[in-house]
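A short worksheet on the structure shown next.
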2 protein chains.
Amino acid sequence: MTTQGSARERVLAAYEDLLINDGPRAATLGAVAATAGVSKGGLLYHFNSMEALTAGLVEKMRELATVDACIMSEDPDGCASYYVRTSIFGGTTFDRTVVAAMRLAQGEDSTVRAAFAEMHERWYKLILSDIKDPTVARAVMLLGDGLYYNAALFGLPTTPGQDAEAAGAVDVEALLRVVAQMRASVGQ
Amino acid sequence: MTTQGSARERVLAAYEDLLINDGPRAATLGAVAATAGVSKGGLLYHFNSMEALTAGLVEKMRELATVDACIMSEDPDGCASYYVRTSIFGGTTFDRTVVAAMRLAQGEDSTVRAAFAEMHERWYKLILSDIKDPTVARAVMLLGDGLYYNAALFGLPTTPGQDAEAAGAVDVEALLRVVAQMRASVGQ
DNA sequence: TTCACTATACCGGCCGGACGGTATAGTATA
DNA sequence: TATACTATACCGTCCGGCCGGTATAGTGAA
């Protein structure tokens, strides 16, 4: 039962928790309310339907994505490096939100998919500004995507801030060297 | 309403359809039965619970994965090439099953996650037998994963066998050239 | 300062329907 | 008649969503 922050924030955080740990089927209104330490009525005051709850999550993700893009564009080691480095799932607020939203990327819920498409577009542009060759840029981005999805879908640490380097984890250092080599091979 | 094949097969196919198109929340027993053109009783004759239905899906995926691994190991262009090539989502039976199972990769349903872990392990070993360097092999595999997940989670063609090369699609040919170069750079 | 009124935030109970699952009767084939 | 399978009816529970009500804080006029 989460008890810090405003009720609205807690509800959103609880929704994320349930989506990540137990999946969309378990993330019912009642469960979310209970996890947030709020009554169902209280939850529905802030989000008057399941759809609104999802919309709130997407909006939060959009906001965090904007901040992240800003940091990414100013990374001293370049956008490509940043993207791969941050794809190992650090357990940040942004990571949690993205992973939760990913669990909802389905069928009719086109708003979620649209938000992801937008985010991917932005990331690609940033990586392309770092690695000029479109194909190599795409390859690097896909590599980061693979890392992120694998972690998000299967190897997620249950409690945040825990061992990101679990058993069978990928050697990101070595991976970054490969990426650096790819970047160098294309000039610039 | 699907009407070919045995009832059991149709039920499994319907479950996949619903998971892919409408997500886990919509894939209820009633909806699956209706989509399969079978009564709920008929469905429960073959799979006597939701859990059993999921187990059936996982088992099907395991079987198809074994076949796929066999084909992969004998590809004339090498396992790495095969992996990346087949990651663009061809709409094959295997693809559909994997994507459906992916939607269930969550919380307590550890059997699904275990099956994926197993599959990944097998793929990695095959790629490593093709590309000797562990890091490069991992990079290539992650690239394929990224391709696959992006397609599975966001850019899925609604009707199978449709345009796999949709708008904003990735140039796989070019990507394969990058992979070939990575393979060559490591010798062998 | 007091009164009337409003806005915000939240609670807990309730309803109709959908859900997972069971029981059972029925049917086609061998 | 046995086997393999299907369809219907139903049960108890849970779910999404709504509603009446409460507590608090604030606002403006007298």
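Order determines the names: the first chain of the structure tokens is A, the second B, and so forth; residues in each chain are numbered 1 upward, and ligands are numbered 1 upward as they are shown.
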
TODO: Can you pull out every residue within 9 Å of region 58-70 of chain A, counting only C-alpha atoms (C1' of nucleotides), but drop anything in the same chain fewer than 2 positions away, and send it as a PyMOL selection string?
DONE: chain A and resi 12+53-56+72-74+93-94+97-98+101+111-112+115-116+119+122-123+126

For chain B, which residues have at least one atom within 10 Å of chain D, if we go by only C-alpha atoms (C1' of nucleotides)? Write them as a PDB file with N, CA, C and O atoms, in the first residue's frame, please.
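File out23.pdb, as written:
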ATOM      1  N   ALA B   7     -11.603 -28.634 -33.266  1.00  0.00           N
ATOM      2  CA  ALA B   7     -12.078 -27.626 -32.318  1.00  0.00           C
ATOM      3  C   ALA B   7     -10.948 -27.149 -31.422  1.00  0.00           C
ATOM      4  O   ALA B   7     -10.808 -25.954 -31.152  1.00  0.00           O
ATOM      5  N   VAL B  38     -17.266 -22.103 -31.122  1.00  0.00           N
ATOM      6  CA  VAL B  38     -17.449 -23.238 -30.227  1.00  0.00           C
ATOM      7  C   VAL B  38     -18.191 -22.723 -28.997  1.00  0.00           C
ATOM      8  O   VAL B  38     -18.095 -21.547 -28.658  1.00  0.00           O
ATOM      9  N   SER B  39     -18.945 -23.581 -28.367  1.00  0.00           N
ATOM     10  CA  SER B  39     -19.614 -23.146 -27.149  1.00  0.00           C
ATOM     11  C   SER B  39     -18.610 -23.102 -26.004  1.00  0.00           C
ATOM     12  O   SER B  39     -17.531 -23.681 -26.088  1.00  0.00           O
ATOM     13  N   LYS B  40     -18.999 -22.404 -24.955  1.00  0.00           N
ATOM     14  CA  LYS B  40     -18.090 -22.318 -23.814  1.00  0.00           C
ATOM     15  C   LYS B  40     -17.832 -23.708 -23.234  1.00  0.00           C
ATOM     16  O   LYS B  40     -16.708 -24.021 -22.825  1.00  0.00           O
ATOM     17  N   GLY B  41     -18.880 -24.506 -23.199  1.00  0.00           N
ATOM     18  CA  GLY B  41     -18.720 -25.878 -22.727  1.00  0.00           C
ATOM     19  C   GLY B  41     -17.727 -26.641 -23.573  1.00  0.00           C
ATOM     20  O   GLY B  41     -16.901 -27.405 -23.065  1.00  0.00           O
ATOM     21  N   GLY B  42     -17.829 -26.419 -24.871  1.00  0.00           N
ATOM     22  CA  GLY B  42     -16.907 -27.083 -25.794  1.00  0.00           C
ATOM     23  C   GLY B  42     -15.468 -26.681 -25.531  1.00  0.00           C
ATOM     24  O   GLY B  42     -14.562 -27.525 -25.506  1.00  0.00           O
ATOM     25  N   LEU B  43     -15.288 -25.409 -25.294  1.00  0.00           N
ATOM     26  CA  LEU B  43     -13.937 -24.929 -24.984  1.00  0.00           C
ATOM     27  C   LEU B  43     -13.419 -25.610 -23.723  1.00  0.00           C
ATOM     28  O   LEU B  43     -12.303 -26.138 -23.698  1.00  0.00           O
ATOM     29  N   TYR B  45     -14.185 -28.306 -22.441  1.00  0.00           N
ATOM     30  CA  TYR B  45     -13.932 -29.730 -22.586  1.00  0.00           C
ATOM     31  C   TYR B  45     -12.455 -29.947 -22.929  1.00  0.00           C
ATOM     32  O   TYR B  45     -11.806 -30.849 -22.400  1.00  0.00           O
ATOM     33  N   HIS B  46     -11.954 -29.088 -23.789  1.00  0.00           N
ATOM     34  CA  HIS B  46     -10.556 -29.227 -24.224  1.00  0.00           C
ATOM     35  C   HIS B  46      -9.571 -28.620 -23.235  1.00  0.00           C
ATOM     36  O   HIS B  46      -8.507 -29.164 -22.987  1.00  0.00           O
TER      37      HIS B  46
END

Within 10 Å of chain A: residues of chain C, using only C-alpha atoms (C1' of nucleotides), as an mmCIF file with N, CA, C and O atoms (P, O5', C5', C4', C3', O3' and C1' of nucleotides), in the first residue's frame:
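As a result, part-v2.cif now contains:
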data_model
loop_
_atom_site.group_PDB
_atom_site.id
_atom_site.type_symbol
_atom_site.label_atom_id
_atom_site.label_comp_id
_atom_site.auth_asym_id
_atom_site.auth_seq_id
_atom_site.Cartn_x
_atom_site.Cartn_y
_atom_site.Cartn_z
ATOM 1 P P DA C 9 -8.722 18.610 -5.716
ATOM 2 O "O5'" DA C 9 -9.017 17.504 -4.613
ATOM 3 C "C5'" DA C 9 -8.609 17.738 -3.259
ATOM 4 C "C4'" DA C 9 -9.152 16.623 -2.396
ATOM 5 C "C3'" DA C 9 -8.952 15.214 -2.971
ATOM 6 O "O3'" DA C 9 -8.250 14.437 -2.011
ATOM 7 C "C1'" DA C 9 -11.179 15.511 -2.217
ATOM 8 P P DC C 10 -7.669 13.005 -2.418
ATOM 9 O "O5'" DC C 10 -8.785 12.034 -1.854
ATOM 10 C "C5'" DC C 10 -9.065 12.075 -0.442
ATOM 11 C "C4'" DC C 10 -10.436 11.517 -0.187
ATOM 12 C "C3'" DC C 10 -10.632 10.038 -0.530
ATOM 13 O "O3'" DC C 10 -10.339 9.267 0.617
ATOM 14 C "C1'" DC C 10 -12.596 11.392 -0.781
ATOM 15 P P DC C 11 -10.251 7.725 0.556
ATOM 16 O "O5'" DC C 11 -11.669 7.290 1.126
ATOM 17 C "C5'" DC C 11 -12.150 7.863 2.344
ATOM 18 C "C4'" DC C 11 -13.598 7.486 2.533
ATOM 19 C "C3'" DC C 11 -13.891 5.995 2.363
ATOM 20 O "O3'" DC C 11 -14.377 5.482 3.587
ATOM 21 C "C1'" DC C 11 -15.469 7.349 1.173
ATOM 22 P P DG C 12 -14.173 3.935 3.934
ATOM 23 O "O5'" DG C 12 -15.589 3.333 3.525
ATOM 24 C "C5'" DG C 12 -16.767 3.894 4.086
ATOM 25 C "C4'" DG C 12 -17.987 3.376 3.356
ATOM 26 C "C3'" DG C 12 -17.953 1.880 3.028
ATOM 27 O "O3'" DG C 12 -19.268 1.387 3.178
ATOM 28 C "C1'" DG C 12 -18.276 3.096 1.063
#

Task: Contact set, chain B to chain A: 6 Å, only C-alpha atoms, as a list in words - done: Asn21, Asp22, Gly23, Arg25, Gln106, Gly107, Leu142, Leu143, Asp145, Gly146 and Phe154 of chain B

TODO: Enumerate the residues of region 13-175 of chain B with a DSSP assignment of helix (DSSP H, G or I), computed from the backbone, and present them as a PyMOL selection string.
DONE: chain B and resi 13-22+29-36+40-46+50-73+79-88+93-102+110-130+134-153+172-175

- [ ] Write out as a ChimeraX atom specification each polymer residue whose atoms come within 12 Å of Asp75 (chain A), counting only C-alpha atoms (C1' of nucleotides); drop sequence neighbours fewer than 4 positions from it.
- [x] /A:68-71,79-83,85-86,126-127,130

TODO: Report the distance between CA of Ser185 (chain A) and CA of Asp77 (chain B) in Å, rounded to one decimal place.
DONE: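 According to the coordinates, CA of Ser185 (chain A) and CA of Asp77 (chain B) are separated by 23.6 Å.
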
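Between CA of Ala52 (chain B) and CA of Asp95 (chain B) there is a distance of 21.0 Å.
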
TODO: Could you please determine the separation between CA of Ala34 (chain B) and C1' of DG20 (chain C) in Å, to one decimal place?
DONE: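 Taking CA of Ala34 (chain B) and C1' of DG20 (chain C), their separation equals 15.2 Å.
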